[in-house]
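Below is data00.cif, which holds mmCIF, C-alpha atoms.
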data_input
#
loop_
_atom_site.label_atom_id
_atom_site.label_comp_id
_atom_site.auth_asym_id
_atom_site.auth_seq_id
_atom_site.Cartn_x
_atom_site.Cartn_y
_atom_site.Cartn_z
CA MET A 1 -9.08 -14.33 3.79
CA LYS A 2 -9.66 -11.41 1.43
CA ALA A 3 -7.69 -8.30 0.53
CA LEU A 4 -8.82 -4.71 0.16
CA VAL A 5 -6.42 -2.65 -1.96
CA LEU A 6 -6.88 1.12 -1.91
CA ALA A 7 -6.18 2.59 -5.34
CA GLY A 8 -8.20 5.80 -5.23
CA GLY A 9 -7.05 9.15 -3.89
CA THR A 10 -5.84 12.20 -5.76
CA GLY A 11 -2.07 11.84 -5.38
CA SER A 12 -1.65 15.55 -4.75
CA ARG A 13 1.98 15.19 -3.62
CA LEU A 14 2.94 13.68 -6.99
CA ARG A 15 1.45 16.42 -9.13
CA PRO A 16 1.72 17.21 -12.00
CA ILE A 17 2.22 13.50 -12.79
CA THR A 18 -1.09 12.61 -11.11
CA HIS A 19 -3.08 15.26 -12.97
CA THR A 20 -3.25 12.73 -15.81
CA SER A 21 -2.36 9.39 -14.22
CA ALA A 22 -3.08 7.33 -11.10
CA LYS A 23 -0.33 7.56 -8.49
CA GLN A 24 -0.47 3.78 -7.95
CA LEU A 25 0.60 3.25 -11.57
CA VAL A 26 3.82 5.29 -11.45
CA PRO A 27 6.49 2.67 -12.22
CA VAL A 28 9.31 1.53 -9.97
CA ALA A 29 12.00 -0.28 -12.00
CA ASN A 30 9.50 -0.11 -14.90
CA LYS A 31 6.74 -1.87 -12.94
CA PRO A 32 3.78 -0.01 -11.39
CA VAL A 33 3.79 0.23 -7.60
CA LEU A 34 0.30 -1.32 -7.54
CA PHE A 35 1.64 -4.46 -9.21
CA TYR A 36 4.12 -4.99 -6.36
CA VAL A 37 1.14 -4.85 -3.97
CA LEU A 38 -0.84 -7.43 -5.97
CA ASP A 39 2.22 -9.69 -6.22
CA SER A 40 2.70 -9.45 -2.46
CA LEU A 41 -0.89 -10.56 -1.86
CA THR A 42 -0.53 -13.46 -4.28
CA GLU A 43 2.63 -14.62 -2.50
CA ALA A 44 0.72 -14.51 0.79
CA GLY A 45 -1.90 -16.87 -0.64
CA ILE A 46 -4.70 -14.30 -0.98
CA THR A 47 -6.67 -14.48 -4.22
CA ASP A 48 -9.95 -12.64 -3.48
CA VAL A 49 -9.01 -9.00 -3.94
CA GLY A 50 -11.22 -5.92 -3.87
CA ILE A 51 -9.67 -2.81 -5.42
CA VAL A 52 -11.12 0.48 -4.19
CA VAL A 53 -11.05 3.02 -7.02
CA GLY A 54 -12.00 6.65 -7.58
CA ASP A 55 -11.67 9.01 -10.53
CA THR A 56 -8.91 6.91 -12.14
CA ALA A 57 -10.96 3.68 -12.06
CA GLY A 58 -10.75 3.06 -15.80
CA GLU A 59 -6.99 3.50 -15.91
CA ILE A 60 -6.45 1.27 -12.87
CA ARG A 61 -8.64 -1.48 -14.29
CA ALA A 62 -7.00 -1.37 -17.73
CA ALA A 63 -3.50 -1.54 -16.25
CA VAL A 64 -4.35 -4.44 -13.92
CA GLU A 65 -5.85 -6.40 -16.81
CA ARG A 66 -2.84 -5.69 -19.05
CA GLY A 67 -0.64 -6.97 -16.23
CA GLY A 68 -2.45 -10.32 -16.32
CA TYR A 69 -3.80 -10.11 -12.77
CA ALA A 70 -7.37 -10.81 -13.84
CA ASP A 71 -6.19 -14.33 -14.74
CA ARG A 72 -4.53 -14.94 -11.37
CA LEU A 73 -6.84 -13.18 -8.91
CA ASN A 74 -10.56 -12.93 -8.26
CA LEU A 75 -10.89 -9.17 -8.67
CA THR A 76 -13.75 -6.90 -7.59
CA TYR A 77 -13.68 -3.16 -8.26
CA ILE A 78 -15.31 -1.02 -5.58
CA VAL A 79 -16.07 2.63 -6.26
CA GLN A 80 -15.38 5.13 -3.48
CA PRO A 81 -17.33 8.23 -4.57
CA ALA A 82 -14.92 10.61 -2.81
CA PRO A 83 -11.63 10.20 -0.88
CA LEU A 84 -13.26 10.36 2.57
CA GLY A 85 -10.73 8.30 4.50
CA LEU A 86 -9.47 4.76 4.91
CA ALA A 87 -12.28 3.77 7.27
CA HIS A 88 -14.77 5.08 4.70
CA ALA A 89 -13.18 2.72 2.16
CA VAL A 90 -13.90 -0.17 4.53
CA ARG A 91 -17.50 1.03 4.80
CA VAL A 92 -18.06 1.11 1.04
CA ALA A 93 -16.44 -2.34 0.68
CA ARG A 94 -18.73 -3.93 3.28
CA ASP A 95 -20.66 -6.10 0.80
CA PHE A 96 -17.46 -7.41 -0.76
CA LEU A 97 -15.78 -8.14 2.58
CA GLY A 98 -18.79 -9.88 4.14
CA ASP A 99 -17.82 -11.69 7.34
CA ASP A 100 -14.33 -12.62 6.17
CA ASP A 101 -11.02 -11.62 7.67
CA PHE A 102 -9.10 -9.27 5.41
CA VAL A 103 -5.88 -7.38 4.87
CA MET A 104 -6.14 -3.75 3.85
CA TYR A 105 -3.17 -2.64 1.76
CA LEU A 106 -2.63 0.93 0.55
CA GLY A 107 -1.90 0.71 -3.16
CA ASP A 108 0.92 3.28 -3.11
CA ASN A 109 2.89 1.61 -0.30
CA PHE A 110 5.97 -0.49 -0.89
CA ILE A 111 7.33 -3.16 1.45
CA VAL A 112 10.45 -5.07 0.49
CA GLY A 113 9.97 -8.77 1.25
CA GLY A 114 6.18 -8.67 1.12
CA ILE A 115 3.67 -9.47 3.86
CA THR A 116 3.55 -13.28 3.83
CA GLU A 117 4.93 -13.64 7.37
CA GLN A 118 2.54 -11.05 8.76
CA VAL A 119 -0.48 -12.70 7.14
CA ALA A 120 0.59 -16.09 8.50
CA ALA A 121 0.97 -14.67 12.03
CA PHE A 122 -2.47 -13.06 11.85
CA ARG A 123 -4.07 -16.28 10.65
CA ALA A 124 -2.42 -18.25 13.44
CA GLU A 125 -3.39 -15.89 16.31
CA ARG A 126 -6.42 -14.15 14.79
CA PRO A 127 -6.58 -10.97 16.89
CA ASP A 128 -9.34 -8.49 16.14
CA ALA A 129 -6.78 -6.29 14.41
CA ARG A 130 -3.07 -6.33 13.70
CA ILE A 131 -1.15 -3.26 12.56
CA LEU A 132 2.38 -2.93 11.24
CA LEU A 133 4.75 -0.26 12.54
CA THR A 134 8.14 1.06 11.56
CA ARG A 135 10.45 3.70 13.03
CA VAL A 136 10.64 6.95 11.08
CA PRO A 137 12.64 10.16 11.58
CA ASP A 138 9.59 12.44 11.25
CA PRO A 139 6.44 10.82 12.67
CA THR A 140 4.31 13.97 12.21
CA ALA A 141 3.49 12.94 8.63
CA PHE A 142 1.99 9.57 9.64
CA GLY A 143 -0.37 7.80 11.96
CA VAL A 144 1.68 7.22 15.12
CA ALA A 145 1.41 4.39 17.68
CA GLU A 146 1.91 4.62 21.43
CA LEU A 147 3.06 1.47 23.24
CA ASP A 148 3.15 0.86 26.98
CA GLU A 149 6.15 -0.42 28.94
CA ASP A 150 5.25 -4.00 28.00
CA GLY A 151 5.09 -3.18 24.31
CA ARG A 152 1.29 -3.33 24.11
CA LEU A 153 -0.52 -0.93 21.84
CA VAL A 154 -2.43 1.64 23.90
CA GLY A 155 -3.13 4.49 21.50
CA LEU A 156 -2.98 5.88 17.99
CA GLU A 157 -2.81 9.44 16.67
CA GLU A 158 -3.21 10.66 13.10
CA LYS A 159 -0.41 13.04 12.02
CA PRO A 160 0.20 14.45 15.53
CA SER A 161 2.07 17.73 15.98
CA LYS A 162 3.75 16.27 19.08
CA PRO A 163 4.20 12.51 18.46
CA LYS A 164 4.37 10.21 21.48
CA SER A 165 6.74 7.85 19.66
CA ASP A 166 8.64 7.43 16.40
CA LEU A 167 6.55 4.40 15.40
CA ALA A 168 4.57 5.11 12.23
CA LEU A 169 1.78 2.95 10.87
CA VAL A 170 2.75 1.11 7.72
CA GLY A 171 0.01 1.05 5.09
CA VAL A 172 -0.97 -2.57 5.77
CA TYR A 173 -3.70 -3.52 8.27
CA LEU A 174 -5.16 -6.93 9.12
CA PHE A 175 -8.70 -7.19 10.46
CA THR A 176 -11.43 -9.59 11.50
CA PRO A 177 -15.06 -8.52 10.89
CA ALA A 178 -14.91 -6.75 14.29
CA VAL A 179 -13.61 -3.67 12.48
CA HIS A 180 -16.99 -3.12 10.81
CA ASP A 181 -18.54 -2.16 14.16
CA ALA A 182 -15.70 0.31 14.64
CA VAL A 183 -15.99 2.03 11.26
CA ARG A 184 -19.75 2.38 11.74
CA ALA A 185 -19.27 3.95 15.17
CA ILE A 186 -16.70 6.66 14.41
CA VAL A 187 -17.38 10.16 13.07
CA PRO A 188 -15.32 12.26 10.62
CA SER A 189 -12.14 13.84 11.91
CA ASP A 190 -11.20 17.51 11.68
CA ARG A 191 -9.95 16.70 8.17
CA GLY A 192 -13.46 15.58 7.25
CA GLU A 193 -12.35 11.96 6.85
CA LEU A 194 -13.20 8.69 8.55
CA GLU A 195 -9.78 7.76 9.94
CA ILE A 196 -8.78 4.12 10.24
CA THR A 197 -6.70 5.12 13.27
CA HIS A 198 -9.92 6.21 15.01
CA ALA A 199 -11.53 2.87 14.19
CA ILE A 200 -8.58 0.96 15.63
CA GLN A 201 -8.59 3.22 18.70
CA TRP A 202 -12.30 2.41 19.12
CA LEU A 203 -11.34 -1.29 19.29
CA ILE A 204 -8.53 -0.59 21.78
CA ASP A 205 -10.85 1.43 24.03
CA ARG A 206 -13.22 -1.53 24.20
CA ASP A 207 -10.44 -3.96 25.19
CA ARG A 208 -10.52 -5.79 21.89
CA ASP A 209 -7.42 -7.72 20.91
CA VAL A 210 -5.38 -5.28 18.83
CA GLN A 211 -1.81 -6.33 18.14
CA SER A 212 1.11 -4.52 16.59
CA ALA A 213 4.29 -5.73 14.94
CA THR A 214 7.33 -3.55 14.30
CA ILE A 215 8.94 -4.39 10.98
CA SER A 216 12.61 -3.81 10.31
CA GLY A 217 12.47 -4.26 6.54
CA TYR A 218 12.28 -1.51 3.98
CA TRP A 219 8.98 0.38 3.73
CA LYS A 220 8.03 3.51 1.83
CA ASP A 221 4.87 5.45 1.19
CA THR A 222 5.54 6.46 -2.42
CA GLY A 223 3.47 9.61 -2.12
CA ASN A 224 6.07 12.12 -3.30
CA VAL A 225 8.85 12.35 -5.87
CA ASP A 226 11.74 11.88 -3.44
CA ASP A 227 10.19 8.70 -2.06
CA MET A 228 9.49 7.38 -5.57
CA LEU A 229 13.13 7.86 -6.53
CA GLU A 230 14.30 6.24 -3.30
CA VAL A 231 12.09 3.18 -3.84
CA ASN A 232 13.28 2.98 -7.44
CA ARG A 233 16.87 3.01 -6.18
CA THR A 234 16.16 0.24 -3.68
CA VAL A 235 14.46 -2.03 -6.22
CA LEU A 236 17.14 -1.47 -8.85
CA GLU A 237 19.72 -2.75 -6.36
CA THR A 238 18.12 -6.18 -6.83
CA VAL A 239 17.96 -6.15 -10.65
CA GLU A 240 19.36 -9.21 -12.39
CA PRO A 241 21.52 -8.01 -15.30
CA LYS A 242 20.32 -9.06 -18.74
CA VAL A 243 20.96 -7.46 -22.12
CA ALA A 244 18.25 -8.64 -24.51
CA GLY A 245 18.13 -5.53 -26.72
CA ASP A 246 20.29 -4.46 -29.67
CA VAL A 247 23.50 -2.96 -28.25
CA ASP A 248 26.35 -1.99 -30.59
CA ALA A 249 30.07 -2.53 -30.00
CA SER A 250 30.62 1.18 -29.31
CA THR A 251 28.41 1.04 -26.21
CA THR A 252 29.75 0.35 -22.72
CA ILE A 253 27.58 -1.51 -20.19
CA ILE A 254 28.76 -1.48 -16.58
CA GLY A 255 27.15 -3.15 -13.56
CA ARG A 256 23.59 -4.41 -13.08
CA VAL A 257 21.82 -3.33 -16.24
CA ARG A 258 18.66 -4.85 -17.71
CA ILE A 259 17.84 -3.97 -21.31
CA ALA A 260 14.54 -5.30 -22.62
CA PRO A 261 14.04 -6.90 -26.04
CA GLY A 262 13.32 -4.29 -28.69
CA ALA A 263 15.56 -1.62 -27.16
CA VAL A 264 18.32 -0.15 -29.35
CA VAL A 265 21.49 1.35 -27.83
CA ARG A 266 24.18 3.04 -29.91
CA ARG A 267 27.47 4.76 -28.93
CA SER A 268 26.40 5.14 -25.32
CA ARG A 269 27.46 4.33 -21.79
CA ILE A 270 25.05 2.76 -19.32
CA VAL A 271 26.10 2.33 -15.70
CA GLY A 272 23.87 0.23 -13.47
CA PRO A 273 21.84 -0.46 -11.64
CA ALA A 274 19.47 0.59 -14.41
CA VAL A 275 16.60 -0.78 -16.47
CA ILE A 276 15.81 0.08 -20.06
CA GLY A 277 12.38 -0.79 -21.43
CA SER A 278 11.22 -2.22 -24.74
CA GLY A 279 11.27 0.08 -27.76
CA VAL A 280 13.72 2.51 -26.15
CA GLU A 281 16.31 4.20 -28.38
CA ILE A 282 19.49 5.50 -26.74
CA THR A 283 22.09 7.20 -28.92
CA GLY A 284 25.30 8.98 -27.95
CA SER A 285 24.17 9.27 -24.34
CA TYR A 286 25.01 8.42 -20.75
CA VAL A 287 22.48 6.65 -18.53
CA GLY A 288 23.73 6.57 -14.96
CA PRO A 289 22.95 4.52 -11.85
CA PHE A 290 19.44 4.22 -10.38
CA THR A 291 17.67 5.15 -13.59
CA SER A 292 14.54 3.50 -15.03
CA VAL A 293 13.64 4.27 -18.64
CA SER A 294 10.18 2.99 -19.57
CA ASP A 295 9.02 1.64 -22.92
CA ASP A 296 9.24 3.62 -26.18
CA CYS A 297 11.42 6.42 -24.86
CA ARG A 298 14.24 8.14 -26.77
CA ILE A 299 17.44 9.51 -25.26
CA GLU A 300 19.85 11.22 -27.64
CA ASP A 301 23.04 13.18 -26.94
CA SER A 302 22.03 13.51 -23.29
CA GLU A 303 22.97 12.46 -19.75
CA ILE A 304 20.54 11.18 -17.13
CA GLU A 305 21.01 9.66 -13.69
CA TYR A 306 18.95 8.74 -10.61
CA SER A 307 15.67 9.31 -12.44
CA ILE A 308 12.45 7.70 -13.64
CA VAL A 309 11.27 8.26 -17.20
CA LEU A 310 7.73 7.18 -18.07
CA PRO A 311 6.68 5.73 -21.45
CA GLY A 312 6.89 7.62 -24.70
CA SER A 313 9.15 10.46 -23.56
CA SER A 314 12.24 11.88 -25.24
CA ILE A 315 15.34 13.65 -23.94
CA THR A 316 17.45 15.23 -26.66
CA GLY A 317 20.60 17.31 -26.43
CA VAL A 318 20.40 17.87 -22.66
CA ARG A 319 23.71 17.89 -20.83
CA ARG A 320 22.51 16.57 -17.47
CA VAL A 321 19.24 15.38 -15.92
CA GLU A 322 19.22 13.92 -12.40
CA ALA A 323 16.85 13.23 -9.48
CA SER A 324 13.90 13.67 -11.85
CA LEU A 325 10.51 12.07 -12.47
CA ILE A 326 9.53 12.60 -16.10
CA GLY A 327 5.96 11.81 -17.14
CA ARG A 328 4.49 10.16 -20.20
CA ASN A 329 5.06 11.55 -23.70
CA VAL A 330 7.26 14.40 -22.46
CA GLU A 331 9.81 16.18 -24.65
CA VAL A 332 12.93 17.53 -22.94
CA THR A 333 15.22 19.67 -25.13
CA PRO A 334 17.70 22.53 -24.61
CA ALA A 335 16.28 26.01 -24.24
CA PRO A 336 16.82 28.31 -27.24
CA ARG A 337 20.09 30.15 -26.86
CA ALA A 338 19.51 33.90 -26.66
CA PRO A 339 22.07 36.10 -28.44
CA ALA A 340 24.70 37.31 -25.98
CA ALA A 341 25.38 41.02 -25.96
CA HIS A 342 27.11 43.64 -23.83
CA ARG A 343 25.65 47.13 -23.57
CA LEU A 344 28.36 49.68 -22.82
CA VAL A 345 28.49 53.38 -22.05
CA LEU A 346 32.20 54.19 -21.82
CA GLY A 347 34.01 57.41 -21.31
CA ASP A 348 37.03 58.56 -23.28
CA HIS A 349 40.28 56.59 -22.88
CA SER A 350 38.57 53.67 -21.10
CA LYS A 351 40.03 50.17 -21.02
CA VAL A 352 37.55 47.25 -20.82
CA GLN A 353 38.17 43.50 -20.69
CA ILE A 354 35.26 41.28 -21.70
CA SER A 355 35.22 37.48 -21.49
CA SER A 356 33.73 36.15 -24.69
#

Could the structure of this file be written out as structure tokens, please?
Amino acid sequence: MKALVLAGGTGSRLRPITHTSAKQLVPVANKPVLFYVLDSLTEAGITDVGIVVGDTAGEIRAAVERGGYADRLNLTYIVQPAPLGLAHAVRVARDFLGDDDFVMYLGDNFIVGGITEQVAAFRAERPDARILLTRVPDPTAFGVAELDEDGRLVGLEEKPSKPKSDLALVGVYLFTPAVHDAVRAIVPSDRGELEITHAIQWLIDRDRDVQSATISGYWKDTGNVDDMLEVNRTVLETVEPKVAGDVDASTTIIGRVRIAPGAVVRRSRIVGPAVIGSGVEITGSYVGPFTSVSDDCRIEDSEIEYSIVLPGSSITGVRRVEASLIGRNVEVTPAPRAPAAHRLVLGDHSKVQISS
């Protein structure tokens, strides 16, 4: 069985971060989201992995190689010339996929607990397709499944204005080679894309064996800042505390805090769960819960909480930062203080009280 990991796309909902970086490489607990996907596939026993890339191909490839995945997986990089839909990605990966079964995993999706059980169930039953579903409060932002009274999948809609259920498609799909007939048969949607939901519907309409499984575990599409911060929070809840950096006696460490070797912390307070990367310098500052500080950052005389800071950035003299995603090599400092002045036109015998 092979895997097709989608790591292209523009990441428009994460701009401006994705103007200069691939959305799949934004870190969660100081580890890129894409790496969690590759680890999940490895745990499921899948080693032949095709990574579909676009404009950020070079960055994706360099990061994956730095992460050591080229030594553990048989990797093939597949160029998708333009983001023309998930089914289009299957089309362009046809030579790589051959006649093998495969799992398609969106590289910016996060599933706590991995997909090992789902892969095992697919291998045991081998339907033509198997999709994963989860209940969401607002289905209009997702592909939505319709089940009949017996729980069988009867229809799919892509981002419907009036959803027929609250069951959204999780970004993991399992297919036999039957899907190739489907992706060849469909035409672009109103969005100009080849939708994987249309391909699956094509299989359903022809009475092919399409199964669904509703997962109860944690799933997030990390496509926007709020979701990134929420996933970061969830992962940090599982952090094993370890202080390997240089922390002075004037610093207070509370809760689940991981400080990497090479980090230096002075006269500060760090309240977990939190992770501090290698080469980080923290001085006279407060780092609060659910914060990830990546490598080579500097935090001085500042407070930060519930945030993600990417490598090489500095925060100096800032009273409070929270619920923030700060990119690479960013400088955050106080704004220049403008002179305060009062302009007065007062009549004779006036009395004025001014708070200074």

For the contact check between region 206-283 of chain A and region 322-325 of chain A, emit one row per residue of region 206-283 of chain A within 10 Å, containing the shortest atom pair and the distance in Å rounded to one decimal, counting all atoms listed in the file, chain then rising number order, as CSV.
residue,atom,partner,partner_atom,distance
A:Val225,CA,A:Leu325,CA,6.8
A:Asp226,CA,A:Ala323,CA,8.0
A:Met228,CA,A:Leu325,CA,8.4
A:Leu229,CA,A:Ala323,CA,7.2
A:Glu230,CA,A:Ala323,CA,9.7

Can you list every residue of region 193-296 of chain A that has an atom at most 10 Å from region 146-158 of chain A, with its nearest atom pair and the distance in Å to one decimal, using all atoms listed in the file, ordered by chain then number, as a Markdown table?
| residue | atom | partner | partner_atom | distance |
| --- | --- | --- | --- | --- |
| A:Glu195 | CA | A:Glu158 | CA | 7.8 |
| A:Ile196 | CA | A:Glu158 | CA | 9.1 |
| A:Thr197 | CA | A:Leu156 | CA | 6.1 |
| A:His198 | CA | A:Leu156 | CA | 7.6 |
| A:Ala199 | CA | A:Leu156 | CA | 9.8 |
| A:Ile200 | CA | A:Leu156 | CA | 7.8 |
| A:Gln201 | CA | A:Leu156 | CA | 6.2 |
| A:Trp202 | CA | A:Gly155 | CA | 9.7 |
| A:Ile204 | CA | A:Val154 | CA | 6.8 |
| A:Asp205 | CA | A:Val154 | CA | 8.4 |
| A:Asp207 | CA | A:Val154 | CA | 9.9 |
| A:Asp209 | CA | A:Leu153 | CA | 9.7 |
| A:Val210 | CA | A:Leu153 | CA | 7.2 |
| A:Gln211 | CA | A:Leu153 | CA | 6.7 |
| A:Ser212 | CA | A:Leu153 | CA | 6.6 |
| A:Ala213 | CA | A:Leu153 | CA | 9.7 |

Hits from the PyMOL selection byres ((chain A and resi 74) around 6), listed as number ranges by chain: A: 47-48, 73, 75

Surrounding residues of Asp295 (chain A) excluding itself and chain neighbours under 5 positions, 12 Å, only C-alpha atoms, as a list of chain:residue names: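 Everything that qualifies: A:Pro27, A:Ala29, A:Asn30, A:Lys31, A:Ile259, A:Ala260, A:Pro261, A:Gly262, A:Ala263, A:Val264, A:Val275, A:Ile276, A:Gly277, A:Ser278, A:Gly279, A:Val280, A:Glu281, A:Ile282, A:Ile308, A:Val309, A:Leu310, A:Pro311, A:Gly312, A:Ser313, A:Ser314, A:Arg328, A:Asn329.
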
Please identify all polymer residues within 7 Å of Gly317 (chain A), counting only C-alpha atoms, omitting same-chain residues fewer than 4 positions from it, and present them as an mmCIF file with C-alpha atoms, in the frame of the given file.
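Contents of part-v2.cif, as written:
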data_model
loop_
_atom_site.group_PDB
_atom_site.id
_atom_site.type_symbol
_atom_site.label_atom_id
_atom_site.label_comp_id
_atom_site.auth_asym_id
_atom_site.auth_seq_id
_atom_site.Cartn_x
_atom_site.Cartn_y
_atom_site.Cartn_z
ATOM 1 C CA GLU A 300 19.850 11.220 -27.640
ATOM 2 C CA ASP A 301 23.040 13.180 -26.940
ATOM 3 C CA SER A 302 22.030 13.510 -23.290
ATOM 4 C CA THR A 333 15.220 19.670 -25.130
ATOM 5 C CA PRO A 334 17.700 22.530 -24.610
#

Would you give me, as a Markdown table, each residue of region 63-92 of chain A having an atom within 12 Å of an atom of region 99-114 of chain A, along with its shortest atom pair and that distance in Å to one decimal, using only C-alpha atoms and sorting by chain and residue number?
| residue | atom | partner | partner_atom | distance |
| --- | --- | --- | --- | --- |
| A:Gly85 | CA | A:Leu106 | CA | 11.6 |
| A:Leu86 | CA | A:Leu106 | CA | 9.0 |
| A:Ala87 | CA | A:Met104 | CA | 10.3 |
| A:Ala89 | CA | A:Met104 | CA | 9.7 |
| A:Val90 | CA | A:Met104 | CA | 8.6 |

Separation of CA of Thr234 (chain A) from CA of Phe290 (chain A), in Å and rounded to one decimal: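 Distance between the two atoms: 8.5 Å.
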
Hits from the PyMOL selection byres ((chain A and resi 93) around 9), listed as number ranges by chain: A: 4, 50, 52, 78-80, 88-92, 94-98
